[in-house]
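With TSV, C-alpha atoms inside, this is target_26.tsv:
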```tsv
chain	number	residue	atom	x	y	z
A	597	MET	CA	34.48	18.87	-24.38
A	598	ILE	CA	33.14	15.34	-24.35
A	599	ASN	CA	32.93	13.53	-27.67
A	600	ALA	CA	29.72	11.60	-27.04
A	601	GLN	CA	29.84	9.88	-30.41
A	602	ASN	CA	33.15	8.28	-29.48
A	603	LEU	CA	31.87	7.37	-26.01
A	604	ARG	CA	28.89	5.56	-27.53
A	605	ASN	CA	31.29	2.98	-28.96
A	606	GLU	CA	32.24	2.01	-25.40
A	607	PHE	CA	28.63	1.05	-24.58
A	608	PRO	CA	27.77	-2.12	-26.53
A	609	ILE	CA	24.03	-1.95	-25.85
A	610	LEU	CA	23.70	1.38	-27.66
A	611	ASN	CA	24.78	-0.09	-30.98
A	612	GLN	CA	21.54	-1.85	-31.83
A	613	ILE	CA	18.40	-1.42	-33.88
A	614	VAL	CA	15.03	-1.02	-32.12
A	615	ASN	CA	11.86	-1.17	-34.21
A	616	ASP	CA	13.95	-0.79	-37.38
A	617	GLU	CA	15.61	2.39	-36.04
A	618	PRO	CA	18.99	3.01	-34.37
A	619	LEU	CA	18.44	3.09	-30.61
A	620	VAL	CA	18.25	6.48	-28.91
A	621	TYR	CA	18.35	5.74	-25.19
A	622	LEU	CA	16.85	8.60	-23.14
A	623	ASP	CA	15.82	6.77	-19.97
A	624	ASN	CA	19.01	7.50	-18.05
A	625	ALA	CA	17.25	8.80	-14.95
A	626	ALA	CA	15.88	5.27	-14.50
A	627	THR	CA	19.19	3.52	-15.19
A	628	THR	CA	22.27	4.21	-17.27
A	629	GLN	CA	24.01	1.86	-19.66
A	630	LYS	CA	27.32	0.20	-18.81
A	631	PRO	CA	30.65	0.72	-20.59
A	632	GLU	CA	32.93	-2.12	-21.56
A	633	ALA	CA	35.24	-1.34	-18.64
A	634	VAL	CA	32.48	-2.06	-16.13
A	635	LEU	CA	31.31	-5.19	-17.94
A	636	GLN	CA	34.92	-6.40	-18.05
A	637	ALA	CA	35.32	-5.85	-14.30
A	638	LEU	CA	32.36	-8.15	-13.69
A	639	THR	CA	33.73	-10.77	-16.06
A	640	ASP	CA	37.23	-10.61	-14.58
A	641	TYR	CA	35.95	-11.15	-11.06
A	642	TYR	CA	33.94	-14.24	-11.95
A	643	HIS	CA	36.56	-15.62	-14.33
A	644	GLN	CA	39.64	-15.04	-12.16
A	645	ASN	CA	38.93	-13.95	-8.58
A	646	ASN	CA	35.61	-15.41	-7.46
A	647	ALA	CA	35.91	-15.94	-3.70
A	648	ASN	CA	34.38	-14.60	-0.53
A	649	VAL	CA	35.96	-11.53	1.04
A	650	HIS	CA	37.51	-10.90	4.48
A	651	ARG	CA	37.41	-14.58	5.46
A	652	GLY	CA	39.94	-16.57	3.49
A	653	VAL	CA	43.74	-16.45	3.39
A	654	HIS	CA	44.08	-18.18	0.04
A	655	THR	CA	45.07	-16.27	-3.08
A	656	LEU	CA	41.62	-15.84	-4.62
A	657	ALA	CA	40.15	-14.60	-1.35
A	658	GLU	CA	42.97	-12.12	-0.90
A	659	ARG	CA	42.54	-10.83	-4.46
A	660	ALA	CA	38.78	-10.46	-4.04
A	661	THR	CA	39.16	-8.69	-0.70
A	662	HIS	CA	41.76	-6.32	-2.10
A	663	ASP	CA	39.60	-5.36	-5.09
A	664	TYR	CA	36.45	-5.07	-2.96
A	665	GLU	CA	38.03	-2.69	-0.44
A	666	ALA	CA	39.84	-0.84	-3.24
A	667	ALA	CA	36.40	-0.07	-4.68
A	668	ARG	CA	35.37	1.42	-1.33
A	669	GLU	CA	38.41	3.68	-1.41
A	670	LYS	CA	37.58	4.75	-4.98
A	671	VAL	CA	34.09	5.77	-3.83
A	672	ARG	CA	35.54	7.61	-0.82
A	673	ARG	CA	37.75	9.64	-3.12
A	674	PHE	CA	34.92	10.18	-5.60
A	675	ILE	CA	32.60	11.77	-3.02
A	676	HIS	CA	35.41	13.28	-0.90
A	677	ALA	CA	34.48	11.44	2.28
A	678	ASN	CA	36.95	11.78	5.11
A	679	GLU	CA	37.63	8.03	5.44
A	680	THR	CA	36.50	4.69	4.06
A	681	ALA	CA	34.81	3.92	7.40
A	682	GLU	CA	32.14	6.41	6.33
A	683	VAL	CA	31.39	4.55	3.07
A	684	LEU	CA	28.85	1.73	3.43
A	685	PHE	CA	28.01	-0.66	0.60
A	686	THR	CA	24.23	-1.04	0.15
A	687	ARG	CA	21.83	-2.37	-2.47
A	688	GLY	CA	21.07	1.16	-3.66
A	689	THR	CA	19.65	4.53	-2.68
A	690	THR	CA	16.47	2.98	-1.30
A	691	THR	CA	18.39	0.70	1.05
A	692	GLY	CA	20.58	3.55	2.25
A	693	LEU	CA	17.64	5.80	3.09
A	694	ASN	CA	15.87	2.93	4.85
A	695	TRP	CA	18.98	2.24	6.93
A	696	VAL	CA	19.05	5.86	8.06
A	697	SER	CA	15.35	5.80	8.86
A	698	ARG	CA	15.56	2.53	10.76
A	699	SER	CA	18.88	2.94	12.53
A	700	PHE	CA	19.39	6.66	13.07
A	701	GLY	CA	15.67	7.44	13.13
A	702	ASP	CA	14.71	4.81	15.66
A	703	ALA	CA	17.58	5.83	17.93
A	704	PHE	CA	17.31	9.60	17.79
A	705	VAL	CA	13.80	10.65	16.73
A	706	GLN	CA	11.36	11.16	19.61
A	707	GLU	CA	7.61	11.58	19.86
A	708	GLY	CA	6.67	15.10	18.78
A	709	ASP	CA	9.81	15.61	16.66
A	710	GLU	CA	9.55	16.78	13.06
A	711	ILE	CA	10.86	15.24	9.84
A	712	VAL	CA	11.05	17.65	6.90
A	713	ILE	CA	11.08	16.61	3.25
A	714	SER	CA	9.77	18.26	0.05
A	715	TYR	CA	7.02	17.71	-2.49
A	716	MET	CA	9.54	16.77	-5.18
A	717	GLU	CA	10.87	13.65	-3.44
A	718	HIS	CA	11.08	10.18	-4.96
A	719	HIS	CA	9.01	7.58	-3.11
A	720	SER	CA	12.25	6.17	-1.70
A	721	ASN	CA	12.73	9.46	0.14
A	722	ILE	CA	9.12	9.65	1.33
A	723	ILE	CA	7.95	6.25	2.52
A	724	PRO	CA	10.83	5.55	4.98
A	725	TRP	CA	10.04	8.86	6.70
A	726	GLN	CA	6.31	8.17	6.68
A	727	GLN	CA	7.03	4.89	8.41
A	728	LEU	CA	9.44	6.48	10.89
A	729	ALA	CA	6.93	9.22	11.73
A	730	ALA	CA	4.27	6.57	12.35
A	731	ARG	CA	6.56	4.46	14.55
A	732	LYS	CA	7.78	7.38	16.64
A	733	LYS	CA	4.64	9.56	16.57
A	734	ALA	CA	6.63	12.29	14.88
A	735	THR	CA	5.31	14.90	12.42
A	736	LEU	CA	6.15	14.70	8.70
A	737	LYS	CA	6.30	18.12	7.01
A	738	TYR	CA	6.75	19.17	3.36
A	739	ILE	CA	8.63	22.13	1.89
A	740	ALA	CA	6.65	23.83	-0.87
A	741	LEU	CA	7.85	24.54	-4.42
A	742	THR	CA	7.95	27.75	-6.43
A	743	PRO	CA	5.85	28.03	-9.62
A	744	ASP	CA	8.95	27.08	-11.68
A	745	GLY	CA	9.53	23.96	-9.60
A	746	PHE	CA	12.37	25.16	-7.41
A	747	LEU	CA	12.46	24.41	-3.71
A	748	ASP	CA	10.88	27.36	-1.89
A	749	MET	CA	13.71	28.32	0.44
A	750	ASP	CA	11.57	30.81	2.36
A	751	ASP	CA	9.20	27.96	3.14
A	752	ALA	CA	12.16	25.74	4.01
A	753	LYS	CA	13.13	28.23	6.71
A	754	ARG	CA	9.57	28.13	8.03
A	755	GLN	CA	9.27	24.34	8.00
A	756	ILE	CA	12.64	23.60	9.63
A	757	THR	CA	12.34	24.47	13.32
A	758	ASP	CA	13.90	23.57	16.65
A	759	LYS	CA	11.56	20.56	16.68
A	760	THR	CA	13.09	19.21	13.45
A	761	ALA	CA	15.19	16.08	13.88
A	762	ILE	CA	15.76	15.17	10.22
A	763	VAL	CA	15.74	17.07	6.93
A	764	SER	CA	15.87	14.76	3.90
A	765	ILE	CA	15.94	16.26	0.41
A	766	THR	CA	16.85	15.07	-3.07
A	767	HIS	CA	20.00	16.66	-4.49
A	768	ALA	CA	18.45	16.73	-7.97
A	769	SER	CA	14.84	16.03	-8.93
A	770	ASN	CA	14.08	13.00	-11.09
A	771	VAL	CA	11.09	14.85	-12.61
A	772	LEU	CA	11.59	18.61	-12.47
A	773	GLY	CA	15.27	18.70	-13.39
A	774	VAL	CA	16.22	21.10	-10.59
A	775	ILE	CA	19.34	20.98	-8.44
A	776	ASN	CA	18.64	21.81	-4.81
A	777	PRO	CA	20.89	24.04	-2.64
A	778	ILE	CA	22.00	21.25	-0.34
A	779	GLN	CA	24.77	23.19	1.38
A	780	GLU	CA	22.34	25.96	2.32
A	781	LEU	CA	19.75	23.46	3.52
A	782	ALA	CA	22.36	21.67	5.61
A	783	ALA	CA	23.31	24.96	7.27
A	784	ILE	CA	19.65	25.63	8.11
A	785	ALA	CA	19.17	22.11	9.43
A	786	HIS	CA	22.30	22.23	11.57
A	787	ALA	CA	21.32	25.62	13.00
A	788	HIS	CA	18.31	23.80	14.46
A	789	GLN	CA	20.39	20.74	15.55
A	790	ALA	CA	18.78	18.59	12.85
A	791	VAL	CA	20.66	16.16	10.62
A	792	MET	CA	20.79	16.56	6.84
A	793	VAL	CA	20.04	13.48	4.72
A	794	VAL	CA	20.38	13.60	0.93
A	795	ASP	CA	19.00	11.40	-1.83
A	796	GLY	CA	21.87	11.71	-4.29
A	797	ALA	CA	20.66	9.24	-6.92
A	798	GLN	CA	20.07	11.87	-9.62
A	799	ALA	CA	23.08	14.06	-8.78
A	800	ILE	CA	26.06	11.78	-8.25
A	801	PRO	CA	26.23	10.60	-11.92
A	802	HIS	CA	26.05	14.09	-13.35
A	803	MET	CA	28.13	16.54	-11.32
A	804	PRO	CA	31.00	16.76	-8.83
A	805	VAL	CA	29.86	15.94	-5.29
A	806	ASP	CA	31.86	16.74	-2.16
A	807	VAL	CA	30.03	15.48	0.92
A	808	GLN	CA	32.35	17.34	3.26
A	809	ALA	CA	31.90	20.67	1.48
A	810	LEU	CA	28.13	20.13	1.45
A	811	ASP	CA	28.36	19.27	5.18
A	812	VAL	CA	25.67	16.59	4.91
A	813	ASP	CA	25.25	13.96	7.58
A	814	PHE	CA	24.11	11.18	5.21
A	815	TYR	CA	24.24	10.88	1.41
A	816	ALA	CA	22.74	7.88	-0.43
A	817	PHE	CA	23.09	6.92	-4.09
A	818	SER	CA	22.89	4.02	-6.54
A	819	GLY	CA	25.55	2.50	-8.77
A	820	HIS	CA	23.26	1.67	-11.68
A	821	LYS	CA	22.54	5.34	-12.38
A	822	MET	CA	26.25	6.09	-12.78
A	823	CYS	CA	27.35	3.43	-15.30
A	824	GLY	CA	27.63	0.77	-12.61
A	825	PRO	CA	25.67	-2.43	-12.01
A	826	THR	CA	22.24	-2.78	-10.45
A	827	GLY	CA	21.89	-3.98	-6.88
A	828	MET	CA	24.81	-1.89	-5.62
A	829	GLY	CA	24.77	1.47	-3.88
A	830	ILE	CA	26.43	3.62	-1.27
A	831	LEU	CA	25.43	5.22	1.99
A	832	TYR	CA	27.82	7.89	3.21
A	833	GLY	CA	27.47	8.83	6.86
A	834	LYS	CA	29.52	10.98	9.20
A	835	ARG	CA	31.51	8.79	11.57
A	836	LYS	CA	30.03	10.49	14.65
A	837	TRP	CA	26.59	9.21	13.67
A	838	LEU	CA	27.57	5.80	12.31
A	839	GLU	CA	29.39	4.96	15.52
A	840	GLN	CA	26.23	5.61	17.53
A	841	MET	CA	23.90	3.72	15.18
A	842	GLU	CA	22.98	0.06	15.43
A	843	PRO	CA	22.97	-2.23	12.37
A	844	VAL	CA	19.61	-3.05	10.81
A	845	GLU	CA	20.70	-6.45	9.46
A	846	PHE	CA	22.50	-9.15	11.39
A	847	GLY	CA	24.49	-12.27	10.57
A	848	GLY	CA	27.90	-13.16	9.25
A	849	GLU	CA	30.58	-10.66	8.24
A	850	MET	CA	29.35	-7.88	10.55
A	851	ILE	CA	30.16	-9.55	13.86
A	852	ASP	CA	33.16	-9.31	16.17
A	853	PHE	CA	32.25	-12.02	18.68
A	854	VAL	CA	29.11	-14.15	18.96
A	855	HIS	CA	28.26	-15.62	22.36
A	856	LEU	CA	25.23	-17.70	23.25
A	857	TYR	CA	23.00	-14.82	24.25
A	858	GLU	CA	24.70	-11.70	22.94
A	859	SER	CA	27.05	-10.53	20.21
A	860	THR	CA	29.34	-7.63	19.41
A	861	TRP	CA	29.85	-5.90	16.08
A	862	LYS	CA	32.83	-5.22	13.88
A	863	GLU	CA	34.16	-1.71	13.54
A	864	LEU	CA	33.00	0.65	10.78
A	865	PRO	CA	32.09	0.21	8.01
A	866	TRP	CA	31.66	-3.56	8.25
A	867	LYS	CA	29.23	-3.58	11.19
A	868	PHE	CA	26.47	-2.53	8.77
A	869	GLU	CA	27.31	-5.07	6.03
A	870	ALA	CA	25.82	-8.38	7.12
A	871	GLY	CA	26.21	-11.54	5.06
A	872	THR	CA	28.21	-12.25	1.95
A	873	PRO	CA	28.38	-8.90	0.19
A	874	ASN	CA	27.69	-8.06	-3.43
A	875	ILE	CA	31.37	-8.44	-4.23
A	876	ALA	CA	31.36	-8.43	-8.02
A	877	ASP	CA	29.07	-5.42	-8.26
A	878	ALA	CA	31.08	-3.47	-5.69
A	879	ILE	CA	34.21	-4.05	-7.77
A	880	ALA	CA	32.30	-3.06	-10.92
A	881	LEU	CA	31.10	0.11	-9.18
A	882	GLY	CA	34.74	0.92	-8.55
A	883	ALA	CA	35.35	0.47	-12.29
A	884	ALA	CA	32.46	2.84	-12.99
A	885	VAL	CA	34.01	5.43	-10.69
A	886	ASP	CA	37.31	5.06	-12.56
A	887	TYR	CA	35.48	5.50	-15.85
A	888	LEU	CA	33.64	8.66	-14.78
A	889	GLU	CA	36.70	10.21	-13.14
A	890	ASN	CA	38.72	9.61	-16.30
A	891	ILE	CA	36.16	11.67	-18.22
A	892	GLY	CA	35.76	14.22	-15.43
A	893	MET	CA	32.60	15.01	-13.50
A	894	GLN	CA	32.71	18.71	-14.31
A	895	ALA	CA	33.12	17.85	-17.99
A	896	ILE	CA	30.07	15.58	-17.76
A	897	HIS	CA	28.04	18.30	-16.06
A	898	ASP	CA	29.07	20.90	-18.64
A	899	TYR	CA	28.35	18.59	-21.56
A	900	GLU	CA	24.88	17.71	-20.31
A	901	ALA	CA	24.20	21.42	-19.80
A	902	SER	CA	25.09	22.03	-23.45
A	903	LEU	CA	22.70	19.27	-24.54
A	904	VAL	CA	19.86	20.76	-22.49
A	905	ALA	CA	20.60	24.23	-23.88
A	906	TYR	CA	20.28	22.69	-27.35
A	907	VAL	CA	17.15	20.57	-26.92
A	908	LEU	CA	14.99	22.40	-24.39
A	909	PRO	CA	14.16	25.38	-26.65
A	910	LYS	CA	13.27	22.95	-29.46
A	911	LEU	CA	10.87	21.13	-27.16
A	912	GLN	CA	9.37	24.38	-25.86
A	913	ALA	CA	8.70	25.43	-29.45
A	914	ILE	CA	6.44	22.41	-30.10
A	915	GLU	CA	2.83	23.58	-29.93
A	916	GLY	CA	0.86	21.74	-27.28
A	917	LEU	CA	3.92	20.44	-25.42
A	918	THR	CA	4.34	21.36	-21.74
A	919	VAL	CA	7.71	21.07	-20.04
A	920	TYR	CA	7.65	20.80	-16.24
A	921	GLY	CA	10.18	22.45	-13.99
A	922	PRO	CA	12.44	25.39	-14.84
A	923	GLN	CA	12.02	26.83	-18.32
A	924	ASN	CA	15.53	28.29	-18.47
A	925	PRO	CA	17.96	25.65	-19.78
A	926	ALA	CA	20.64	26.97	-17.41
A	927	ASP	CA	18.48	25.86	-14.46
A	928	HIS	CA	17.67	22.41	-15.83
A	929	THR	CA	19.49	19.10	-15.50
A	930	GLY	CA	19.32	16.50	-18.26
A	931	VAL	CA	15.95	15.33	-16.92
A	932	ILE	CA	13.05	16.77	-18.94
A	933	ALA	CA	9.47	15.77	-18.06
A	934	PHE	CA	6.79	16.79	-20.53
A	935	ASN	CA	3.26	16.16	-21.79
A	936	LEU	CA	1.58	16.51	-25.16
A	937	ASP	CA	-1.93	17.97	-25.03
A	938	GLY	CA	-4.61	15.34	-25.42
A	939	ILE	CA	-2.21	12.36	-25.58
A	940	HIS	CA	-1.56	10.10	-22.61
A	941	PRO	CA	2.13	9.90	-21.66
A	942	HIS	CA	2.11	6.12	-22.07
A	943	ASP	CA	0.87	6.55	-25.65
A	944	VAL	CA	3.59	9.14	-26.24
A	945	ALA	CA	6.26	6.77	-24.94
A	946	THR	CA	4.92	3.90	-27.03
A	947	ALA	CA	4.90	6.04	-30.17
A	948	LEU	CA	8.44	7.27	-29.49
A	949	ASP	CA	9.58	3.69	-29.04
A	950	MET	CA	8.24	2.93	-32.53
A	951	GLU	CA	10.74	5.56	-33.69
A	952	GLY	CA	13.57	3.91	-31.73
A	953	VAL	CA	13.54	6.55	-28.96
A	954	ALA	CA	13.39	5.15	-25.42
A	955	VAL	CA	11.83	7.45	-22.79
A	956	ARG	CA	9.98	6.84	-19.54
A	957	ALA	CA	6.28	7.47	-18.91
A	958	GLY	CA	4.27	7.38	-15.70
A	959	HIS	CA	4.47	8.95	-12.25
A	960	HIS	CA	8.24	8.33	-11.93
A	961	CYS	CA	7.87	7.16	-8.31
A	962	ALA	CA	6.86	10.72	-7.44
A	963	GLN	CA	3.11	10.59	-7.00
A	964	PRO	CA	2.95	13.34	-4.34
A	965	LEU	CA	4.79	15.66	-6.73
A	966	LEU	CA	2.47	14.92	-9.65
A	967	ASN	CA	-0.55	15.40	-7.38
A	968	TYR	CA	1.00	18.71	-6.30
A	969	LEU	CA	1.31	19.65	-10.00
A	970	ASP	CA	-2.23	18.35	-10.63
A	971	ILE	CA	-1.19	15.96	-13.39
A	972	PRO	CA	-1.55	12.14	-13.43
A	973	ALA	CA	1.65	11.32	-15.30
A	974	THR	CA	4.31	12.66	-17.68
A	975	ALA	CA	6.68	11.43	-20.32
A	976	ARG	CA	10.33	11.92	-19.39
A	977	ALA	CA	13.47	12.13	-21.48
A	978	SER	CA	16.75	12.04	-19.58
A	979	PHE	CA	20.15	12.61	-21.13
A	980	TYR	CA	23.60	11.34	-20.20
A	981	LEU	CA	27.21	11.59	-21.30
A	982	TYR	CA	26.80	9.28	-24.32
A	983	ASN	CA	23.80	11.13	-25.80
A	984	THR	CA	24.36	13.43	-28.75
A	985	LYS	CA	22.67	16.38	-30.42
A	986	GLU	CA	21.54	13.87	-33.04
A	987	ASP	CA	19.76	11.98	-30.24
A	988	ALA	CA	18.10	15.25	-29.21
A	989	ASP	CA	16.97	15.88	-32.77
A	990	ARG	CA	15.59	12.34	-33.02
A	991	LEU	CA	13.56	13.00	-29.87
A	992	VAL	CA	12.15	16.25	-31.22
A	993	ASP	CA	11.33	14.71	-34.61
A	994	ALA	CA	9.70	11.68	-32.97
A	995	ILE	CA	7.51	13.92	-30.79
A	996	LYS	CA	6.42	15.87	-33.84
A	997	ALA	CA	5.66	12.61	-35.66
A	998	THR	CA	3.66	11.43	-32.65
A	999	LYS	CA	1.58	14.61	-32.72
A	1000	GLU	CA	0.94	14.10	-36.41
A	1001	PHE	CA	-0.04	10.47	-35.91
A	1002	PHE	CA	-2.60	11.22	-33.22
A	1003	ARG	CA	-3.94	14.16	-35.23
A	1004	ASN	CA	-4.18	12.46	-38.61
A	1005	GLY	CA	-3.54	8.78	-37.99
A	1006	THR	CA	-0.25	8.73	-39.92
A	1007	ILE	CA	3.30	8.44	-38.69
```

Could you rewrite the structure in this file as C-alpha cells?
Amino acid sequence: MINAQNLRNEFPILNQIVNDEPLVYLDNAATTQKPEAVLQALTDYYHQNNANVHRGVHTLAERATHDYEAAREKVRRFIHANETAEVLFTRGTTTGLNWVSRSFGDAFVQEGDEIVISYMEHHSNIIPWQQLAARKKATLKYIALTPDGFLDMDDAKRQITDKTAIVSITHASNVLGVINPIQELAAIAHAHQAVMVVDGAQAIPHMPVDVQALDVDFYAFSGHKMCGPTGMGILYGKRKWLEQMEPVEFGGEMIDFVHLYESTWKELPWKFEAGTPNIADAIALGAAVDYLENIGMQAIHDYEASLVAYVLPKLQAIEGLTVYGPQNPADHTGVIAFNLDGIHPHDVATALDMEGVAVRAGHHCAQPLLNYLDIPATARASFYLYNTKEDADRLVDAIKATKEFFRNGTI
C-alpha cells in the first residue's frame, strides 16, 4: 500500500502554509504537483544537455536526442503501444484531439456521417467535433447518461450506427468520477466501421492503461495531470491511421525533402512534430513515467479507491451537501463534485481556501454536462497519490466550517 505521507516529502510545493494552514491540495484533476525527480530532470536538461534534437552531431545534441527519444519509448511502454512510431508528442490532450479532428476527420469524415460523443465530455472533447461536423456537414450526436451519471450503454448502441465515423469518449469523467467501458465502446464502434477516440486525461494518471487491450484507434492525454510538466502531452494512434493522415502543422523537423513547390514528410512519428519540440518537458514527462511506474499504477488506483471509500461516506453524511455521479465509492474515481445548499460553489471554494484546502469551483470545462444536470456550477475535490486520510478529514471539517460560517457568520 502506498505511504502517501512519505510521498508528500517528494513534492516540495506541498510543504507550505496557505492562509496560516498547512496546504491540502485537492485540485489534482486540474493539474498535479511535480516530484523532485521531475523537477531535477528539467534542471539537468537545461544545466547539462540543452541543445536541439535530431539535427546536431555534437555531444550535447546527441545527449538531448537520446533522452528525448528515450522518453518516447518510456511512454510507449507505459501505455503498451506497439511501437514508438505510434507515440506523438503534443502540447496536451487538447492538441491531440484537435489533431485527430483536423487530420483524420478532414480526410475520412464525409457529409452525412455521424460523430458520437457523450454529455459528460470536457470541452476539449466537444468543440473539435463541433467544428469538424460544421466543416464536413456531419451530424454530432450525444450518448445519454443514467441517473447515477454512468454512460447509458443501451443508448450508446442506439446512437452508434453504420453512419458513425467517429466515437470519442472520455475514459474517466472530470466531474462525475465515473470510468467508462472503453473496450466495450471500441467493440461497438468497430462493429460499425467507426474509429474509437479516447480522451485519457483523467484516466492515465490514476490506473493502468493498455491501448492495445482497449483496442482504441486514438488515445490523447496530458503530462501535467500525471506529475509531469505543463505544455506536454501524448497522442497515441494506430499506425494504419497515422500513415494515412496528413500533418496539421508544417515547418522544420517534420520534413524529408523541401523543393520549391512541394515537400515530403519524415516517417512516423516525426512527420507530425513540426518545429523545435518541447524537449525539456518531453524528457521530464519520461521522468514522470519512471516515477509512476516505480510506485505502480495498480497501486495508485487501489490507494485512491481506499481514499474515496474513506471520504465519500463522510461527505454524503453532511446535511445539505449533494455529491454528483455514482454514490457507491466503489464506482467513483478520486474526482468528487459537490454542492452545498444555498452557497455558491465559488464561495465554497473561497471559504475552503481560507482553511488551507485547495479545490476547484465552476463548470470544469463541462458546460453541456452541467446543463444536462441542470446546475450552473459545482465545487470539486480531486485526490491523488500524495493525498492522505488527514487531507480528507481536513476537507470534511472545512466544509462543515463553511456551512457554519454561512449559517451563523462564524468560522

Within 6 Å of stretch 707-723 of chain A, which residues of stretch 749-861 of chain A come that close, and what is the closest atom pair and distance in Å for each? Count all atoms listed in the file and give it as CSV.
```
residue,atom,partner,partner_atom,distance
A:Lys759,CA,A:Asp709,CA,5.3
A:Thr760,CA,A:Glu710,CA,4.3
A:Ala761,CA,A:Glu710,CA,5.7
A:Ile762,CA,A:Ile711,CA,4.9
A:Val763,CA,A:Val712,CA,4.7
A:Ser764,CA,A:Ile713,CA,5.2
A:Ile765,CA,A:Ile713,CA,5.6
```

Task: Sel. within 10 Å of pt (31.4, -5.5, -7.2), counting all atoms listed in the file, output as a list in words - done: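 Checking each residue against the 10 Å limit leaves Val634, Ala637, Leu638, Tyr641, Ala660, Asp663, Tyr664, Glu665, Ala667, Arg668, Phe685, Gly824, Pro825, Gly827, Met828, Pro873, Asn874, Ile875, Ala876, Asp877, Ala878, Ile879, Ala880, Leu881, Gly882 and Ala883 of chain A.
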
Task: Nearest residue to A:Asn648 from the set A:Arg1003, A:Gly847, A:Pro909, A:His662 (distances using all atoms listed in the file) - done: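 Ranking A:Arg1003, A:Gly847, A:Pro909, A:His662 by distance to A:Asn648, first place goes to A:His662.
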
Task: Nearest-residue call for A:Lys867, choices A:Tyr968, A:Pro608, A:Ile939, A:Val683, using all atoms listed in the file - done: A:Val683

Show me a table, sorted first by chain and then by increasing residue number, of the residues of stretch 650-726 of chain A having an atom at most 10 Å from stretch 796-805 of chain A, each with its shortest atom pair and the distance in Å to one decimal, counting only C-alpha atoms and written as CSV.
```
residue,atom,partner,partner_atom,distance
A:Phe674,CA,A:Val805,CA,7.7
A:Ile675,CA,A:Val805,CA,5.5
A:His676,CA,A:Val805,CA,7.6
A:Ala677,CA,A:Val805,CA,9.9
A:Gly688,CA,A:Ala797,CA,8.7
A:Thr689,CA,A:Ala797,CA,6.4
A:Thr690,CA,A:Ala797,CA,9.4
A:His718,CA,A:Ala797,CA,9.8
```

Task: Selected residue of minimal separation from A:Pro922 among A:Thr860, A:Thr742, A:Thr872, A:Asn935, counting only C-alpha atoms - done: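 Nearest to A:Pro922: A:Thr742.
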
Task: From A:Tyr980, A:Tyr642, A:Tyr621, A:Phe700, residue lying nearest A:Glu900 [all atoms listed in the file] - done: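 Going through A:Tyr980, A:Tyr642, A:Tyr621, A:Phe700 one by one, the smallest distance to A:Glu900 is for A:Tyr980.
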
Task: Nearest-residue call for A:Lys834, choices A:Glu849, A:Glu682, A:Asp758, A:Asp811, using only C-alpha atoms - done: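 Answer, going by the shortest atom-to-atom distance: A:Glu682.
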
Task: Point-to-point distance from atom CA of A:Gly892 to atom CA of A:Leu981, Å rounded to tenths - done: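 That distance, rounded to one decimal, is 10.7 Å.
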
- [ ] Grab the atom CA of A:Asp898 to atom CA of A:Thr766 distance for me, in Å with one decimal place.
- [x]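 These atoms are spaced 20.6 Å apart.
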
- [ ] May I ask for the distance between atom CA of A:Thr655 and atom CA of A:Asp640, given in Å to one decimal place?
- [x] 15.0 Å

Neighbours of stretch 773-789 of chain A within 6 Å (all atoms listed in the file; same-chain residues fewer than 3 positions away dropped), as a PDB file with C-alpha atoms, in the coordinates of the input?
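What ended up in out.pdb:
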```pdb
ATOM      1  CA  ASP A 758      13.900  23.570  16.650  1.00  0.00           C
ATOM      2  CA  HIS A 767      20.000  16.660  -4.490  1.00  0.00           C
ATOM      3  CA  ALA A 768      18.450  16.730  -7.970  1.00  0.00           C
ATOM      4  CA  SER A 769      14.840  16.030  -8.930  1.00  0.00           C
ATOM      5  CA  MET A 792      20.790  16.560   6.840  1.00  0.00           C
ATOM      6  CA  LEU A 810      28.130  20.130   1.450  1.00  0.00           C
ATOM      7  CA  HIS A 928      17.670  22.410 -15.830  1.00  0.00           C
ATOM      8  CA  THR A 929      19.490  19.100 -15.500  1.00  0.00           C
ATOM      9  CA  VAL A 931      15.950  15.330 -16.920  1.00  0.00           C
TER      10      VAL A 931
END
```

Starting from the sparse input, extend stretch 929-938 of chain A to N, CA and C atoms and give the output as a short mmCIF file (atom, residue, chain, number, x, y, z; two decimals), in the coordinates of the input.
```
data_model
loop_
_atom_site.label_atom_id
_atom_site.label_comp_id
_atom_site.auth_asym_id
_atom_site.auth_seq_id
_atom_site.Cartn_x
_atom_site.Cartn_y
_atom_site.Cartn_z
N THR A 929 18.61 20.24 -15.26
CA THR A 929 19.49 19.10 -15.50
C THR A 929 19.06 18.39 -16.78
N GLY A 930 19.67 17.25 -17.06
CA GLY A 930 19.32 16.50 -18.26
C GLY A 930 18.01 15.76 -18.17
N VAL A 931 17.27 15.93 -17.08
CA VAL A 931 15.95 15.33 -16.92
C VAL A 931 14.88 16.30 -17.40
N ILE A 932 14.09 15.90 -18.39
CA ILE A 932 13.05 16.77 -18.94
C ILE A 932 11.74 15.99 -18.98
N ALA A 933 10.80 16.38 -18.09
CA ALA A 933 9.47 15.77 -18.06
C ALA A 933 8.52 16.65 -18.85
N PHE A 934 7.66 16.01 -19.65
CA PHE A 934 6.79 16.79 -20.53
C PHE A 934 5.50 16.04 -20.81
N ASN A 935 4.51 16.75 -21.31
CA ASN A 935 3.26 16.16 -21.79
C ASN A 935 2.85 16.80 -23.10
N LEU A 936 2.20 16.02 -23.93
CA LEU A 936 1.58 16.51 -25.16
C LEU A 936 0.08 16.61 -24.94
N ASP A 937 -0.50 17.75 -25.25
CA ASP A 937 -1.93 17.97 -25.03
C ASP A 937 -2.76 16.87 -25.68
N GLY A 938 -3.65 16.29 -24.89
CA GLY A 938 -4.61 15.34 -25.42
C GLY A 938 -4.08 13.94 -25.68
#
```
